[in-house]
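Visitor: Mind having a look at this structure? Questions to follow.
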Amino acid sequence: MKKTFTILSCAVIMIAAMPEYTFAEDSQVILVTSTAELTAALSSAKAGDEIVLKEGVYESDPNNGRWRPFEANASGTAEQPIILRSEDPENPATICCNTTGSKCALYITGSYWEIRDLKVCNAAKGIFLAQSEHSVISGCEVFNIGDEAIHIIDNSSYNLVENCKVHDTGKLNPKYGEGVYIGSAKNATDYGFECHYNTVRGCEFGPNVAADHVDIKEFTYGNLVEYCTFDGTGIQGENGGNSFVEIKGNHAVVRYNTGYRNGCEKQLYGFDMNIQLDGWGQGTKIYDNTLYLDSTDVYVTKGWNCYAEVFRNHVEPAGCVSDGNKILQIESVRLWGDATGDGLFNQEDIVRIQSYLVGKTIPYISGENADVNADGILTAVDMTIMKQNLLVRDAIYLPDFSVSFVKEDAGKWRLTDGLSERKITFTLSAEPGSDLNIAWGYWDPNVENGKWIMFSLGNNTADENGMVEVEVDVPTDGRRVALEIWDYSNSAGDLDVDTVVLEKVITR
């Protein structure tokens with residue numbers, strides 16, 4: 001039976017008299033109409049407060065020498081977050097400083113904040129979240145900023161930046177003009193480095209975001225960038241700021257984004273990975289993104305000695321490639337229960353198959369992986385089995401990756417990078433009963449000037465279906481793995497090696 005699956009696609013200030021707050025009846029809503037009221041409301045904020053800004057401009061006093069004129073040092077709770085929002089999202093309030101060369105417009109130290117539907121502009125820095133967990137910045141527009149627009153800093157984790165518009169940053173220092181900056185550089189001394197599992201979702205970046213639109217720093221784990229739109233217009237390329245997303249932390253995920261280079265010559269990469277310290281810049285997953293890069297001189301991804309898994313990205317022009325000796329370019333993923341096809345079996349797979357079953361539009365579903373009872377259709381039975389298994393253990397088996405390769409010459413193929421310390425299975429097709437003298441090798445960079453190290457796999461006989469399967473183990477130093485047919489013959493003599501086909505390459 002043929003199996004068919006449908007793939008969907010506080011500061012405290014001195015004033016003559018404290019402003020009067022207006023509280024809605026039986027609630028903790030604080031209605032604010034002036035800069036003084038806003039400053040006071042932030043400085044005295046407590047869990048459950050909802051600070052609501054009337055439409056208007058809330059500009060810091062130029063005579064106030066504090067670098068953080070609008071600051072809060074309080075935390076909400078999961079049940080009672082502190083909310084700072086515009087009264088009318090269609091006519092948002094504006095929080096600003098006086099110039100792009102002075103002060104941070106909004107600085108929040110504390111957890112469980114919701115900052116919604118504000119304009120933040122005309123400052124050296126836009127919005128800072130410090131020592132914050134489980135906070136949200138949503139629906140804000142941040143622009144005309146001297147350096148970075150939104151900074152998640154100083155041991156801030158599990159925060160969300162969603163549906164924001166960020167443009168015109170780096171007006172004072174283009175090399176610090178990031179859209180969203182997560183963490184701190186290794187030489188920072190005033191902040192904690194641990195900024196983990198933050199999400200940037202559904203945001204619009206550009207035009208004129210001068211540096212990387214999202215910058216994920218070293219010492220960070222598990223940050224996620226998804227469903228964003230990037231406009232490369234105005235990237236300046238200073239201090240390495242030449243991509244949509246730059247990744248220096250570990251296990252970041254970049255997916256479901258759309259990027260337009262728009263002819264910006266200073267943008268050299270879609271996504272850029274860098275090692276600032278040993279052990280960092282590793283384990284990135286980049287998949288299901290759509291990039292319009294204008295030129296084949298632009299790389300989809302770049303990252304020397306940065307291990308990354310790159311798959312299912314749609315890129316125009318199609319000739320754009322990735323550059324990096326540890327970038328694994330994956331064609332498909334085979335893993336029981338892995339409905340998202342990301343190489344993991346987890347709760348997200350349950351959500352994905354459930355969404356599919358109720359008819360929701362989803363980015364991708366692997367019918368082969370999600371059909372866990374192997375009956376050829378996806379049903380609630382598959383979802384139930386997946387749920388039961390997930391309760392027992394977090395992961396089942398290791399994923400099998402089908403990886404990319406190119407034919408360089410007759411009987412010679414070059415594989416994707418990123419295969420060191422892996423077992424590889426090669427499947428070839430040839431004439432049934434024929435003999436193939438097969439060799440494989442890798443580039444060893446540790447030898448002076450580098451050297452190809454080749455190994456014979458001996459004679460291998462094609463089975464009655466003309467198939468040959470061989471396995472190899474790639475050492476730690478293995479780079480640029482290749483496969484070659486040295487001789488190809490049958491009982492009648494030599495055969496044309498160019499007719500041998502490398503069908504697939506699987507690695508675990």
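Identifiers in this document derive from the order of the structure tokens: chains are assigned A, B, ..., residues are numbered from 1 separately in each chain, and ligands are numbered from 1 in order of occurrence.
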For Pro174 in chain A, work out the shell of residues within 12 Å, counting only C-alpha atoms and skipping chain neighbours fewer than 4 positions away, then give it as number ranges by chain.
Guide: A: 100, 124, 144-149, 168-170, 178-179, 208-213, 234-242
Visitor: So that I have them on file, write out the residues from the current selection with C-alpha atoms, as a compact mmCIF listing (two decimals), in the first residue's frame.
Guide:
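result13.txt written:
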```
# COMPACT_ATOMS: atom_id res chain seq x y z
CA THR A 100 20.25 59.36 20.26
CA ALA A 124 21.15 55.92 23.10
CA ASN A 144 15.81 56.29 16.19
CA ILE A 145 18.20 54.69 18.66
CA GLY A 146 21.91 55.50 18.95
CA ASP A 147 23.03 51.95 19.72
CA GLU A 148 20.95 48.78 20.30
CA ALA A 149 17.15 48.84 20.41
CA ASP A 168 16.66 53.00 12.49
CA THR A 169 19.18 51.86 15.08
CA GLY A 170 22.90 52.52 15.33
CA GLU A 178 21.62 45.71 17.01
CA GLY A 179 17.86 45.20 16.92
CA ASN A 208 18.24 50.76 8.82
CA VAL A 209 19.07 48.39 11.63
CA ALA A 210 22.78 49.14 11.37
CA ALA A 211 24.18 45.96 12.95
CA ASP A 212 22.92 42.37 13.22
CA HIS A 213 19.17 42.35 13.65
CA GLY A 234 20.93 49.90 5.97
CA ILE A 235 23.11 47.20 7.55
CA GLN A 236 26.48 48.93 7.95
CA GLY A 237 28.77 45.92 8.38
CA GLU A 238 30.85 47.46 11.17
CA ASN A 239 32.32 45.32 13.96
CA GLY A 240 31.04 42.17 12.27
CA GLY A 241 27.47 43.44 12.07
CA ASN A 242 26.72 41.97 8.65
```
Visitor: Just asking: which residues within range 99-292 of chain A are helix (DSSP H, G or I) according to DSSP, as an MDAnalysis selection string?
Guide: chainID A and resid 174:176 238:240
Visitor: Need to verify the contact set: Gly192 in chain A, 7 Å, only C-alpha atoms, exclusion of same-chain residues closer than 2 positions in sequence. Can you return it as a list in words?
Guide: Asp154, Asn155 and Glu194 of chain A
Visitor: Emit the selected residues as a tab-separated table (two decimals), in the first residue's frame, including N, CA and C atoms.
Guide:
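part-v5.tsv, written as the output of this step:
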```
chain	number	residue	atom	x	y	z
A	154	ASP	N	22.11	40.75	31.76
A	154	ASP	CA	22.34	40.59	33.20
A	154	ASP	C	21.51	39.46	33.79
A	155	ASN	N	21.80	38.22	33.35
A	155	ASN	CA	21.12	37.04	33.88
A	155	ASN	C	19.61	37.09	33.68
A	194	GLU	N	24.43	34.97	32.05
A	194	GLU	CA	23.50	33.87	31.78
A	194	GLU	C	22.13	34.38	31.34
```
Visitor: Could you list, as a ChimeraX atom specification, every residue within 7 Å of Ala123 in chain A, counting only C-alpha atoms and ignoring same-chain residues fewer than 5 positions away?
Guide: /A:96-105,145-146
Visitor: Using only C-alpha atoms, can you tell me which of A:Val474, A:Met383, A:Leu390, A:Val310 comes closest to Phe345 in chain A?
Guide: A:Leu390
Visitor: Tell me which of A:Ala36, A:Val447, A:Ala439, A:Ala45 sits closest to Asn64 in chain A, counting only C-alpha atoms.
Guide: A:Ala36
